[in-house]
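Engineer: Take a look at structure18.cif, mmCIF, C-alpha atoms and all ligand atoms; chains and numbers go by the auth columns:
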```
data_my_file
loop_
_atom_site.group_PDB
_atom_site.id
_atom_site.type_symbol
_atom_site.label_atom_id
_atom_site.label_comp_id
_atom_site.label_asym_id
_atom_site.label_seq_id
_atom_site.Cartn_x
_atom_site.Cartn_y
_atom_site.Cartn_z
_atom_site.B_iso_or_equiv
_atom_site.auth_seq_id
_atom_site.auth_asym_id
ATOM 1 C CA MET A 1 0.000 0.000 0.000 0.00 8 A
ATOM 2 C CA SER A 2 1.399 3.378 -0.933 0.00 9 A
ATOM 3 C CA ILE A 3 1.341 5.975 1.843 0.00 10 A
ATOM 4 C CA GLY A 4 2.277 8.818 -0.481 0.00 11 A
ATOM 5 C CA PHE A 5 4.479 11.845 0.028 0.00 12 A
ATOM 6 C CA ASP A 6 2.634 13.195 3.067 0.00 13 A
ATOM 7 C CA GLY A 7 2.488 9.814 4.739 0.00 14 A
ATOM 8 C CA TYR A 8 6.228 9.286 4.263 0.00 15 A
ATOM 9 C CA ARG A 9 6.915 12.668 5.851 0.00 16 A
ATOM 10 C CA THR A 10 5.163 11.617 9.050 0.00 17 A
ATOM 11 C CA PHE A 11 8.215 9.433 9.788 0.00 18 A
ATOM 12 C CA GLY A 12 11.526 10.829 10.949 0.00 19 A
ATOM 13 C CA THR A 13 12.318 14.313 12.205 0.00 20 A
ATOM 14 C CA LYS A 14 11.155 17.729 11.058 0.00 21 A
ATOM 15 C CA THR A 15 14.380 18.433 9.178 0.00 22 A
ATOM 16 C CA CYS A 16 15.049 14.824 8.136 0.00 23 A
ATOM 17 C CA PRO A 17 11.675 13.296 7.322 0.00 24 A
ATOM 18 C CA GLY A 18 11.268 9.728 6.176 0.00 25 A
ATOM 19 C CA THR A 19 13.125 6.513 6.793 0.00 26 A
ATOM 20 C CA LYS A 20 16.615 5.193 6.155 0.00 27 A
ATOM 21 C CA LEU A 21 18.251 1.804 5.777 0.00 28 A
ATOM 22 C CA PHE A 22 20.732 1.184 8.605 0.00 29 A
ATOM 23 C CA THR A 23 23.342 -1.556 8.263 0.00 30 A
ATOM 24 C CA LEU A 24 24.446 -3.178 11.526 0.00 31 A
ATOM 25 C CA SER A 25 27.728 -5.081 11.301 0.00 32 A
ATOM 26 C CA GLY A 26 30.808 -6.054 13.289 0.00 33 A
ATOM 27 C CA ASN A 27 30.532 -7.412 16.838 0.00 34 A
ATOM 28 C CA ILE A 28 26.753 -7.500 17.054 0.00 35 A
ATOM 29 C CA GLY A 29 24.293 -10.290 17.718 0.00 36 A
ATOM 30 C CA ASN A 30 21.835 -9.558 14.901 0.00 37 A
ATOM 31 C CA PRO A 31 23.722 -8.057 11.952 0.00 38 A
ATOM 32 C CA GLY A 32 21.659 -6.968 8.998 0.00 39 A
ATOM 33 C CA VAL A 33 19.989 -4.130 7.135 0.00 40 A
ATOM 34 C CA TYR A 34 17.018 -2.527 8.899 0.00 41 A
ATOM 35 C CA GLU A 35 14.697 0.290 7.883 0.00 42 A
ATOM 36 C CA PHE A 36 13.931 2.827 10.627 0.00 43 A
ATOM 37 C CA PRO A 37 12.699 6.411 10.798 0.00 44 A
ATOM 38 C CA MET A 38 15.406 9.059 10.632 0.00 45 A
ATOM 39 C CA GLY A 39 16.329 10.143 14.153 0.00 46 A
ATOM 40 C CA VAL A 40 16.325 6.646 15.665 0.00 47 A
ATOM 41 C CA THR A 41 19.138 6.355 18.208 0.00 48 A
ATOM 42 C CA MET A 42 22.134 4.069 17.894 0.00 49 A
ATOM 43 C CA ARG A 43 21.192 2.672 21.300 0.00 50 A
ATOM 44 C CA ARG A 44 17.845 1.469 19.947 0.00 51 A
ATOM 45 C CA LEU A 45 19.556 -0.193 16.997 0.00 52 A
ATOM 46 C CA PHE A 46 22.408 -1.623 19.067 0.00 53 A
ATOM 47 C CA GLU A 47 20.431 -2.914 22.052 0.00 54 A
ATOM 48 C CA ASP A 48 16.892 -3.655 20.824 0.00 55 A
ATOM 49 C CA VAL A 49 17.540 -4.615 17.217 0.00 56 A
ATOM 50 C CA GLY A 50 21.158 -5.777 17.204 0.00 57 A
ATOM 51 C CA ALA A 51 21.018 -7.547 20.605 0.00 58 A
ATOM 52 C CA GLY A 52 24.326 -5.991 21.688 0.00 59 A
ATOM 53 C CA CYS A 53 27.790 -7.522 21.401 0.00 60 A
ATOM 54 C CA PRO A 54 27.939 -11.321 21.398 0.00 61 A
ATOM 55 C CA ASN A 55 29.391 -13.300 24.329 0.00 62 A
ATOM 56 C CA GLY A 56 28.695 -10.583 26.871 0.00 63 A
ATOM 57 C CA LYS A 57 31.516 -8.380 25.560 0.00 64 A
ATOM 58 C CA LYS A 58 31.445 -4.654 26.220 0.00 65 A
ATOM 59 C CA LEU A 59 30.947 -2.222 23.368 0.00 66 A
ATOM 60 C CA ARG A 60 34.136 -0.260 22.765 0.00 67 A
ATOM 61 C CA GLY A 61 33.025 1.917 19.839 0.00 68 A
ATOM 62 C CA ILE A 62 31.185 2.343 16.585 0.00 69 A
ATOM 63 C CA GLN A 63 32.284 3.319 13.082 0.00 70 A
ATOM 64 C CA VAL A 64 29.460 5.475 11.789 0.00 71 A
ATOM 65 C CA GLY A 65 28.506 6.341 8.231 0.00 72 A
ATOM 66 C CA GLY A 66 30.657 4.017 6.153 0.00 73 A
ATOM 67 C CA SER A 67 32.716 0.897 6.643 0.00 74 A
ATOM 68 C CA ALA A 68 35.829 2.607 5.234 0.00 75 A
ATOM 69 C CA SER A 69 35.444 6.370 5.630 0.00 76 A
ATOM 70 C CA GLY A 70 33.164 6.455 8.678 0.00 77 A
ATOM 71 C CA ALA A 71 34.196 8.135 11.924 0.00 78 A
ATOM 72 C CA PHE A 72 35.159 6.059 14.958 0.00 79 A
ATOM 73 C CA VAL A 73 33.152 7.220 17.969 0.00 80 A
ATOM 74 C CA THR A 74 32.732 6.011 21.548 0.00 81 A
ATOM 75 C CA PRO A 75 29.582 4.531 23.146 0.00 82 A
ATOM 76 C CA ASP A 76 28.967 7.997 24.670 0.00 83 A
ATOM 77 C CA ASN A 77 27.248 8.689 21.341 0.00 84 A
ATOM 78 C CA LEU A 78 24.688 5.887 21.584 0.00 85 A
ATOM 79 C CA ASP A 79 21.883 8.337 22.344 0.00 86 A
ATOM 80 C CA VAL A 80 22.622 10.681 19.435 0.00 87 A
ATOM 81 C CA PRO A 81 19.596 10.683 17.088 0.00 88 A
ATOM 82 C CA LEU A 82 20.631 9.372 13.698 0.00 89 A
ATOM 83 C CA ASP A 83 19.704 12.332 11.528 0.00 90 A
ATOM 84 C CA ILE A 84 21.929 14.609 9.476 0.00 91 A
ATOM 85 C CA GLU A 85 22.099 17.560 11.891 0.00 92 A
ATOM 86 C CA SER A 86 22.458 15.599 15.147 0.00 93 A
ATOM 87 C CA CYS A 87 25.236 13.456 13.697 0.00 94 A
ATOM 88 C CA ALA A 88 27.086 16.477 12.350 0.00 95 A
ATOM 89 C CA ALA A 89 26.822 18.197 15.742 0.00 96 A
ATOM 90 C CA ALA A 90 28.352 15.081 17.337 0.00 97 A
ATOM 91 C CA GLY A 91 31.294 15.132 14.888 0.00 98 A
ATOM 92 C CA MET A 92 30.232 12.315 12.588 0.00 99 A
ATOM 93 C CA SER A 93 28.457 11.921 9.301 0.00 100 A
ATOM 94 C CA LEU A 94 25.421 9.680 8.918 0.00 101 A
ATOM 95 C CA GLY A 95 26.581 8.840 5.378 0.00 102 A
ATOM 96 C CA THR A 96 25.402 5.454 4.170 0.00 103 A
ATOM 97 C CA GLY A 97 23.737 4.582 7.484 0.00 104 A
ATOM 98 C CA SER A 98 26.378 1.936 8.136 0.00 105 A
ATOM 99 C CA LEU A 99 27.069 1.219 11.827 0.00 106 A
ATOM 100 C CA MET A 100 30.022 -1.080 12.495 0.00 107 A
ATOM 101 C CA PHE A 101 30.129 -1.994 16.200 0.00 108 A
ATOM 102 C CA PHE A 102 33.354 -3.211 17.782 0.00 109 A
ATOM 103 C CA ASP A 103 33.843 -4.737 21.205 0.00 110 A
ATOM 104 C CA GLU A 104 36.420 -4.372 23.957 0.00 111 A
ATOM 105 C CA ASP A 105 38.852 -6.753 22.188 0.00 112 A
ATOM 106 C CA ALA A 106 39.058 -4.685 19.004 0.00 113 A
ATOM 107 C CA ASP A 107 42.294 -2.975 18.020 0.00 114 A
ATOM 108 C CA VAL A 108 41.334 0.515 16.867 0.00 115 A
ATOM 109 C CA ILE A 109 44.702 1.106 15.198 0.00 116 A
ATOM 110 C CA GLU A 110 44.343 -2.078 13.156 0.00 117 A
ATOM 111 C CA LEU A 111 40.820 -1.055 12.164 0.00 118 A
ATOM 112 C CA CYS A 112 42.220 2.286 10.966 0.00 119 A
ATOM 113 C CA ARG A 113 45.012 0.544 9.065 0.00 120 A
ATOM 114 C CA GLY A 114 42.478 -1.634 7.262 0.00 121 A
ATOM 115 C CA CYS A 115 40.514 1.445 6.176 0.00 122 A
ATOM 116 C CA MET A 116 43.622 3.240 4.929 0.00 123 A
ATOM 117 C CA ALA A 117 44.896 0.159 3.069 0.00 124 A
ATOM 118 C CA PHE A 118 41.526 0.113 1.298 0.00 125 A
ATOM 119 C CA PHE A 119 41.889 3.751 0.209 0.00 126 A
ATOM 120 C CA ALA A 120 45.524 3.231 -0.830 0.00 127 A
ATOM 121 C CA GLU A 121 44.133 0.615 -3.248 0.00 128 A
ATOM 122 C CA GLU A 122 41.039 2.538 -4.313 0.00 129 A
ATOM 123 C CA THR A 123 42.686 5.885 -5.143 0.00 130 A
ATOM 124 C CA CYS A 124 42.364 6.720 -8.848 0.00 131 A
ATOM 125 C CA ALA A 125 45.841 8.297 -8.530 0.00 132 A
ATOM 126 C CA LYS A 126 44.882 11.565 -10.248 0.00 133 A
ATOM 127 C CA CYS A 127 46.015 13.831 -7.400 0.00 134 A
ATOM 128 C CA THR A 128 49.123 13.537 -5.258 0.00 135 A
ATOM 129 C CA PRO A 129 47.683 13.948 -1.726 0.00 136 A
ATOM 130 C CA CYS A 130 45.368 10.989 -2.178 0.00 137 A
ATOM 131 C CA ARG A 131 47.760 8.902 -4.324 0.00 138 A
ATOM 132 C CA TYR A 132 50.689 9.061 -1.894 0.00 139 A
ATOM 133 C CA GLY A 133 49.043 10.272 1.290 0.00 140 A
ATOM 134 C CA ASN A 134 46.727 7.334 1.938 0.00 141 A
ATOM 135 C CA LYS A 135 49.528 4.837 1.342 0.00 142 A
ATOM 136 C CA ARG A 136 51.841 6.786 3.637 0.00 143 A
ATOM 137 C CA ILE A 137 49.191 6.925 6.395 0.00 144 A
ATOM 138 C CA ALA A 138 48.677 3.142 6.086 0.00 145 A
ATOM 139 C CA ASP A 139 52.466 2.632 6.303 0.00 146 A
ATOM 140 C CA ILE A 140 52.763 4.736 9.484 0.00 147 A
ATOM 141 C CA LEU A 141 49.922 2.745 11.045 0.00 148 A
ATOM 142 C CA SER A 142 51.730 -0.493 10.135 0.00 149 A
ATOM 143 C CA VAL A 143 54.880 0.762 11.840 0.00 150 A
ATOM 144 C CA ILE A 144 52.891 1.578 14.988 0.00 151 A
ATOM 145 C CA LEU A 145 51.222 -1.848 14.891 0.00 152 A
ATOM 146 C CA SER A 146 54.641 -3.518 14.567 0.00 153 A
ATOM 147 C CA GLY A 147 55.631 -1.989 17.900 0.00 154 A
ATOM 148 C CA LYS A 148 58.133 0.447 16.388 0.00 155 A
ATOM 149 C CA GLY A 149 55.983 3.561 16.598 0.00 156 A
ATOM 150 C CA ARG A 150 57.253 6.746 18.253 0.00 157 A
ATOM 151 C CA MET A 151 55.295 9.594 19.781 0.00 158 A
ATOM 152 C CA GLU A 152 56.220 11.806 16.817 0.00 159 A
ATOM 153 C CA ASP A 153 54.364 9.357 14.552 0.00 160 A
ATOM 154 C CA ILE A 154 51.097 10.498 16.126 0.00 161 A
ATOM 155 C CA GLU A 155 51.815 14.086 15.112 0.00 162 A
ATOM 156 C CA LYS A 156 52.841 12.927 11.626 0.00 163 A
ATOM 157 C CA LEU A 157 49.602 10.978 11.266 0.00 164 A
ATOM 158 C CA GLU A 158 47.525 13.951 12.332 0.00 165 A
ATOM 159 C CA LYS A 159 49.292 16.403 9.992 0.00 166 A
ATOM 160 C CA LEU A 160 49.251 14.076 7.012 0.00 167 A
ATOM 161 C CA SER A 161 45.620 13.068 7.519 0.00 168 A
ATOM 162 C CA ASN A 162 44.532 16.713 7.716 0.00 169 A
ATOM 163 C CA TYR A 163 46.615 17.495 4.629 0.00 170 A
ATOM 164 C CA VAL A 164 45.080 14.671 2.567 0.00 171 A
ATOM 165 C CA SER A 165 41.589 15.600 3.715 0.00 172 A
ATOM 166 C CA LYS A 166 41.977 19.287 2.831 0.00 173 A
ATOM 167 C CA ASN A 167 43.927 18.944 -0.410 0.00 174 A
ATOM 168 C CA SER A 168 42.501 15.943 -2.246 0.00 175 A
ATOM 169 C CA LEU A 169 40.480 16.707 -5.352 0.00 176 A
ATOM 170 C CA CYS A 170 37.355 14.651 -4.745 0.00 177 A
ATOM 171 C CA GLY A 171 35.234 13.219 -1.962 0.00 178 A
ATOM 172 C CA LEU A 172 37.135 9.935 -1.815 0.00 179 A
ATOM 173 C CA GLY A 173 40.422 11.524 -0.803 0.00 180 A
ATOM 174 C CA GLN A 174 38.722 14.167 1.331 0.00 181 A
ATOM 175 C CA ALA A 175 36.889 11.531 3.383 0.00 182 A
ATOM 176 C CA ALA A 176 39.595 8.845 3.426 0.00 183 A
ATOM 177 C CA PRO A 177 41.460 10.048 6.551 0.00 184 A
ATOM 178 C CA THR A 178 38.245 10.377 8.607 0.00 185 A
ATOM 179 C CA PRO A 179 38.782 7.052 10.454 0.00 186 A
ATOM 180 C CA VAL A 180 42.292 8.091 11.523 0.00 187 A
ATOM 181 C CA LEU A 181 41.378 11.652 12.488 0.00 188 A
ATOM 182 C CA SER A 182 38.334 10.523 14.472 0.00 189 A
ATOM 183 C CA ALA A 183 40.285 7.713 16.167 0.00 190 A
ATOM 184 C CA LEU A 184 42.995 10.198 17.127 0.00 191 A
ATOM 185 C CA ARG A 185 40.282 12.358 18.701 0.00 192 A
ATOM 186 C CA ASN A 186 38.267 9.640 20.414 0.00 193 A
ATOM 187 C CA PHE A 187 40.731 6.780 20.993 0.00 194 A
ATOM 188 C CA ARG A 188 43.952 8.744 21.315 0.00 195 A
ATOM 189 C CA ASP A 189 45.106 6.777 24.347 0.00 196 A
ATOM 190 C CA ASP A 190 45.451 3.688 22.145 0.00 197 A
ATOM 191 C CA TYR A 191 47.941 5.541 19.945 0.00 198 A
ATOM 192 C CA VAL A 192 49.784 7.040 22.892 0.00 199 A
ATOM 193 C CA LYS A 193 50.074 3.618 24.532 0.00 200 A
ATOM 194 C CA ALA A 194 51.286 1.961 21.322 0.00 201 A
ATOM 195 C CA CYS A 195 53.853 4.695 20.643 0.00 202 A
ATOM 196 C CA SER A 196 55.115 5.290 24.156 0.00 203 A
ATOM 197 C CA SER A 197 56.429 1.772 24.606 0.00 204 A
ATOM 198 C CA PRO A 198 58.302 0.966 21.372 0.00 205 A
ATOM 199 C CA GLY A 199 58.920 -2.739 20.990 0.00 206 A
ATOM 200 C CA THR A 200 55.468 -3.718 22.248 0.00 207 A
ATOM 201 C CA ALA A 201 53.228 -4.544 19.320 0.00 208 A
ATOM 202 C CA SER A 202 49.607 -3.373 19.524 0.00 209 A
ATOM 203 C CA ALA A 203 47.318 -6.167 20.815 0.00 210 A
HETATM 204 S S1 LIG B . 41.048 12.402 -4.328 0.00 301 B
HETATM 205 FE FE1 LIG B . 39.740 11.645 -5.954 0.00 301 B
HETATM 206 S S2 LIG B . 40.690 12.485 -7.816 0.00 301 B
HETATM 207 FE FE2 LIG B . 42.256 12.582 -6.212 0.00 301 B
HETATM 208 S S3 LIG B . 43.395 10.634 -6.474 0.00 301 B
HETATM 209 FE FE3 LIG B . 41.805 10.345 -4.881 0.00 301 B
HETATM 210 S S4 LIG B . 40.120 9.418 -5.990 0.00 301 B
HETATM 211 FE FE4 LIG B . 41.447 10.387 -7.512 0.00 301 B
#
```
What would you get if you wrote out this structure as structure tokens?
Ligand code: SF4

Structural biologist:
Amino acid sequence: MSIGFDGYRTFGTKTCPGTKLFTLSGNIGNPGVYEFPMGVTMRRLFEDVGAGCPNGKKLRGIQVGGSASGAFVTPDNLDVPLDIESCAAAGMSLGTGSLMFFDEDADVIELCRGCMAFFAEETCAKCTPCRYGNKRIADILSVILSGKGRMEDIEKLEKLSNYVSKNSLCGLGQAAPTPVLSALRNFRDDYVKACSSPGTASA
């Protein structure tokens, strides 16, 4: 049955009417694609729909908006309504509606490295910041993961990621460093720990 334009607008929020497909993946009991009104909270999707993390594990964070270029945020954001404005105000983009949950055992630096390795492959190579920058960011993350990272690598990562984001020609390069920049904001202690004791590989 068609509900028409006006009926569709009764769902969601005033500024983001309608529904959206949300993809729940990662460490979650009921992964899948679910349609909900715009403005639903991550908590509702994580707890009621997704059934939380399997095996009683604690939620460590969520990658929001895309499985490669989404921002890594902490569970403090579970009550943020998933609409364009609320997400932007919380420092993330709703993007594709992808929500990748990761539990207490996840290695945030490895998750970031995986994202950057993806972009190092996917670059079309037209512009230099994206062509070389994403590969270089992935390499620095690999060094940190090998246990040879230094504190100055954190500063290098931050500078390079900002540079790639601001100077790449298209949306792919501009969004590619989002996982690293958001992880440096929200999970900085992981980087500090990995870089302050060289010789100890990240768990
Ligand atoms: S930013 Fe866009 S145009 Fe530049 S290399 Fe990357 S994919 Fe190509």

Engineer: Using all atoms listed in the file, tabulate the residues of chain A lying at most 8 Å from any atom of ligand LIG 301 (chain B), each with its closest atom pair and that distance in Å to one decimal, by chain and increasing residue number, as JSON lines.

Structural biologist:
```
{"residue": "A:Glu129", "atom": "CA", "partner": "B:LIG301", "partner_atom": "S4", "distance": 7.1}
{"residue": "A:Thr130", "atom": "CA", "partner": "B:LIG301", "partner_atom": "S4", "distance": 4.4}
{"residue": "A:Cys131", "atom": "CA", "partner": "B:LIG301", "partner_atom": "FE4", "distance": 4.0}
{"residue": "A:Ala132", "atom": "CA", "partner": "B:LIG301", "partner_atom": "S3", "distance": 4.0}
{"residue": "A:Lys133", "atom": "CA", "partner": "B:LIG301", "partner_atom": "S3", "distance": 4.2}
{"residue": "A:Cys134", "atom": "CA", "partner": "B:LIG301", "partner_atom": "FE2", "distance": 4.1}
{"residue": "A:Thr135", "atom": "CA", "partner": "B:LIG301", "partner_atom": "S3", "distance": 6.5}
{"residue": "A:Pro136", "atom": "CA", "partner": "B:LIG301", "partner_atom": "FE2", "distance": 7.2}
{"residue": "A:Cys137", "atom": "CA", "partner": "B:LIG301", "partner_atom": "FE3", "distance": 4.5}
{"residue": "A:Arg138", "atom": "CA", "partner": "B:LIG301", "partner_atom": "S3", "distance": 5.2}
{"residue": "A:Ser175", "atom": "CA", "partner": "B:LIG301", "partner_atom": "S1", "distance": 4.4}
{"residue": "A:Leu176", "atom": "CA", "partner": "B:LIG301", "partner_atom": "S1", "distance": 4.5}
{"residue": "A:Cys177", "atom": "CA", "partner": "B:LIG301", "partner_atom": "FE1", "distance": 4.0}
{"residue": "A:Gly178", "atom": "CA", "partner": "B:LIG301", "partner_atom": "FE1", "distance": 6.2}
{"residue": "A:Leu179", "atom": "CA", "partner": "B:LIG301", "partner_atom": "S4", "distance": 5.2}
{"residue": "A:Gly180", "atom": "CA", "partner": "B:LIG301", "partner_atom": "S1", "distance": 3.7}
{"residue": "A:Gln181", "atom": "CA", "partner": "B:LIG301", "partner_atom": "S1", "distance": 6.4}
```

Engineer: Take the residues from that selection and write them out as a PDB file, in the frame of the given file, keeping C-alpha atoms.

Structural biologist:
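Below is the file again29.pdb, written as the result:
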```
ATOM      1  CA  GLU A 129      41.039   2.538  -4.313  1.00  0.00           C
ATOM      2  CA  THR A 130      42.686   5.885  -5.143  1.00  0.00           C
ATOM      3  CA  CYS A 131      42.364   6.720  -8.848  1.00  0.00           C
ATOM      4  CA  ALA A 132      45.841   8.297  -8.530  1.00  0.00           C
ATOM      5  CA  LYS A 133      44.882  11.565 -10.248  1.00  0.00           C
ATOM      6  CA  CYS A 134      46.015  13.831  -7.400  1.00  0.00           C
ATOM      7  CA  THR A 135      49.123  13.537  -5.258  1.00  0.00           C
ATOM      8  CA  PRO A 136      47.683  13.948  -1.726  1.00  0.00           C
ATOM      9  CA  CYS A 137      45.368  10.989  -2.178  1.00  0.00           C
ATOM     10  CA  ARG A 138      47.760   8.902  -4.324  1.00  0.00           C
ATOM     11  CA  SER A 175      42.501  15.943  -2.246  1.00  0.00           C
ATOM     12  CA  LEU A 176      40.480  16.707  -5.352  1.00  0.00           C
ATOM     13  CA  CYS A 177      37.355  14.651  -4.745  1.00  0.00           C
ATOM     14  CA  GLY A 178      35.234  13.219  -1.962  1.00  0.00           C
ATOM     15  CA  LEU A 179      37.135   9.935  -1.815  1.00  0.00           C
ATOM     16  CA  GLY A 180      40.422  11.524  -0.803  1.00  0.00           C
ATOM     17  CA  GLN A 181      38.722  14.167   1.331  1.00  0.00           C
TER      18      GLN A 181
END
```

Engineer: Evaluating the PyMOL selection byres (((chain A and resi 160) around 10) and not hetatm) on the displayed file yields which residues, as number ranges by chain?

Structural biologist: A: 144, 147-148, 150-151, 155-159, 161-166, 198-199, 202

Engineer: Enumerate, as a short mmCIF file (atom, residue, chain, number, x, y, z; two decimals) with C-alpha atoms, in the coordinates of the input, the residues matched when the PyMOL selection byres (((chain A and resi 81) around 9) and not hetatm) is run on the file above.

Structural biologist:
```cif
data_model
loop_
_atom_site.label_atom_id
_atom_site.label_comp_id
_atom_site.auth_asym_id
_atom_site.auth_seq_id
_atom_site.Cartn_x
_atom_site.Cartn_y
_atom_site.Cartn_z
CA LEU A 66 30.95 -2.22 23.37
CA ARG A 67 34.14 -0.26 22.76
CA GLY A 68 33.02 1.92 19.84
CA ILE A 69 31.18 2.34 16.58
CA GLN A 70 32.28 3.32 13.08
CA PHE A 79 35.16 6.06 14.96
CA VAL A 80 33.15 7.22 17.97
CA PRO A 82 29.58 4.53 23.15
CA ASP A 83 28.97 8.00 24.67
CA ASN A 84 27.25 8.69 21.34
CA LEU A 85 24.69 5.89 21.58
CA ASN A 193 38.27 9.64 20.41
CA PHE A 194 40.73 6.78 20.99
#
```

Engineer: Return as a PDB file with C-alpha atoms, keeping the file's coordinate frame the set of residues that the PyMOL selection byres (((chain A and resi 52-54) around 10) and not hetatm) yields on the displayed structure.

Structural biologist:
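Below you can see part.pdb, which holds the result:
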```pdb
ATOM      1  CA  PHE A  29      20.732   1.184   8.605  1.00  0.00           C
ATOM      2  CA  THR A  30      23.342  -1.556   8.263  1.00  0.00           C
ATOM      3  CA  LEU A  31      24.446  -3.178  11.526  1.00  0.00           C
ATOM      4  CA  ILE A  35      26.753  -7.500  17.054  1.00  0.00           C
ATOM      5  CA  GLY A  36      24.293 -10.290  17.718  1.00  0.00           C
ATOM      6  CA  ASN A  37      21.835  -9.558  14.901  1.00  0.00           C
ATOM      7  CA  PRO A  38      23.722  -8.057  11.952  1.00  0.00           C
ATOM      8  CA  TYR A  41      17.018  -2.527   8.899  1.00  0.00           C
ATOM      9  CA  PHE A  43      13.931   2.827  10.627  1.00  0.00           C
ATOM     10  CA  VAL A  47      16.325   6.646  15.665  1.00  0.00           C
ATOM     11  CA  THR A  48      19.138   6.355  18.208  1.00  0.00           C
ATOM     12  CA  MET A  49      22.134   4.069  17.894  1.00  0.00           C
ATOM     13  CA  ARG A  50      21.192   2.672  21.300  1.00  0.00           C
ATOM     14  CA  ARG A  51      17.845   1.469  19.947  1.00  0.00           C
ATOM     15  CA  ASP A  55      16.892  -3.655  20.824  1.00  0.00           C
ATOM     16  CA  VAL A  56      17.540  -4.615  17.217  1.00  0.00           C
ATOM     17  CA  GLY A  57      21.158  -5.777  17.204  1.00  0.00           C
ATOM     18  CA  ALA A  58      21.018  -7.547  20.605  1.00  0.00           C
ATOM     19  CA  GLY A  59      24.326  -5.991  21.688  1.00  0.00           C
ATOM     20  CA  CYS A  60      27.790  -7.522  21.401  1.00  0.00           C
ATOM     21  CA  LEU A  66      30.947  -2.222  23.368  1.00  0.00           C
ATOM     22  CA  ILE A  69      31.185   2.343  16.585  1.00  0.00           C
ATOM     23  CA  LEU A  85      24.688   5.887  21.584  1.00  0.00           C
ATOM     24  CA  LEU A 106      27.069   1.219  11.827  1.00  0.00           C
ATOM     25  CA  PHE A 108      30.129  -1.994  16.200  1.00  0.00           C
TER      26      PHE A 108
END
```

Engineer: Give as a list of chain:residue names each residue that has an atom at most 12 Å from (28.9, 12.3, 4.7) in the file, counting only C-alpha atoms.

Structural biologist: A:Val71, A:Gly72, A:Gly73, A:Ala75, A:Ser76, A:Gly77, A:Ala78, A:Asp90, A:Ile91, A:Glu92, A:Cys94, A:Ala95, A:Gly98, A:Met99, A:Ser100, A:Leu101, A:Gly102, A:Thr103, A:Gly104, A:Ser105, A:Gly178, A:Leu179, A:Gln181, A:Ala182, A:Ala183, A:Thr185

Engineer: Keeping only C-alpha atoms, write those residues as a PDB file, in the coordinates of the input.

Structural biologist:
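Output contents, as saved in result_25.pdb:
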```pdb
ATOM      1  CA  VAL A  71      29.460   5.475  11.789  1.00  0.00           C
ATOM      2  CA  GLY A  72      28.506   6.341   8.231  1.00  0.00           C
ATOM      3  CA  GLY A  73      30.657   4.017   6.153  1.00  0.00           C
ATOM      4  CA  ALA A  75      35.829   2.607   5.234  1.00  0.00           C
ATOM      5  CA  SER A  76      35.444   6.370   5.630  1.00  0.00           C
ATOM      6  CA  GLY A  77      33.164   6.455   8.678  1.00  0.00           C
ATOM      7  CA  ALA A  78      34.196   8.135  11.924  1.00  0.00           C
ATOM      8  CA  ASP A  90      19.704  12.332  11.528  1.00  0.00           C
ATOM      9  CA  ILE A  91      21.929  14.609   9.476  1.00  0.00           C
ATOM     10  CA  GLU A  92      22.099  17.560  11.891  1.00  0.00           C
ATOM     11  CA  CYS A  94      25.236  13.456  13.697  1.00  0.00           C
ATOM     12  CA  ALA A  95      27.086  16.477  12.350  1.00  0.00           C
ATOM     13  CA  GLY A  98      31.294  15.132  14.888  1.00  0.00           C
ATOM     14  CA  MET A  99      30.232  12.315  12.588  1.00  0.00           C
ATOM     15  CA  SER A 100      28.457  11.921   9.301  1.00  0.00           C
ATOM     16  CA  LEU A 101      25.421   9.680   8.918  1.00  0.00           C
ATOM     17  CA  GLY A 102      26.581   8.840   5.378  1.00  0.00           C
ATOM     18  CA  THR A 103      25.402   5.454   4.170  1.00  0.00           C
ATOM     19  CA  GLY A 104      23.737   4.582   7.484  1.00  0.00           C
ATOM     20  CA  SER A 105      26.378   1.936   8.136  1.00  0.00           C
ATOM     21  CA  GLY A 178      35.234  13.219  -1.962  1.00  0.00           C
ATOM     22  CA  LEU A 179      37.135   9.935  -1.815  1.00  0.00           C
ATOM     23  CA  GLN A 181      38.722  14.167   1.331  1.00  0.00           C
ATOM     24  CA  ALA A 182      36.889  11.531   3.383  1.00  0.00           C
ATOM     25  CA  ALA A 183      39.595   8.845   3.426  1.00  0.00           C
ATOM     26  CA  THR A 185      38.245  10.377   8.607  1.00  0.00           C
TER      27      THR A 185
END
```

Engineer: For a cutoff of 8 Å around the file-coordinate point (15.8, 9.3, 16.9), which residues qualify once you count only C-alpha atoms? I'd like the result as a PyMOL selection string.

Structural biologist: chain A and resi 19-20+44-48+87-90

Engineer: Contacts of Arg120 in chain A at 9 Å or less, counting only C-alpha atoms, minus same-chain residues fewer than 5 places along, as a PyMOL selection string?

Structural biologist: chain A and resi 115+125+144-149+152+187

Engineer: Write out the residues from the selection above, keeping C-alpha atoms, as a compact mmCIF listing (two decimals), keeping the file's coordinate frame.

Structural biologist:
```txt
# COMPACT_ATOMS: atom_id res chain seq x y z
CA VAL A 115 41.33 0.52 16.87
CA PHE A 125 41.53 0.11 1.30
CA ILE A 144 49.19 6.92 6.40
CA ALA A 145 48.68 3.14 6.09
CA ASP A 146 52.47 2.63 6.30
CA ILE A 147 52.76 4.74 9.48
CA LEU A 148 49.92 2.74 11.04
CA SER A 149 51.73 -0.49 10.14
CA LEU A 152 51.22 -1.85 14.89
CA VAL A 187 42.29 8.09 11.52
```

Engineer: Quick check, in Å to one decimal: how far apart do CA of Asp110 in chain A and CA of Pro186 in chain A lie?

Structural biologist: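 A separation of 16.7 Å between them.
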
Engineer: Please measure the separation of CA of Lys65 in chain A and CA of Ala124 in chain A, giving the value in Å to one decimal.

Structural biologist: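 Between these atoms lies a distance of 27.2 Å.
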
Engineer: Between A:Gly140, A:Gly63, A:Gly11, A:Gly33, which one has atoms that come closest to Ala127 in chain A, using all atoms listed in the file?

Structural biologist: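 When distances to Ala127 in chain A are compared using all atoms listed in the file, the smallest one comes from A:Gly140.
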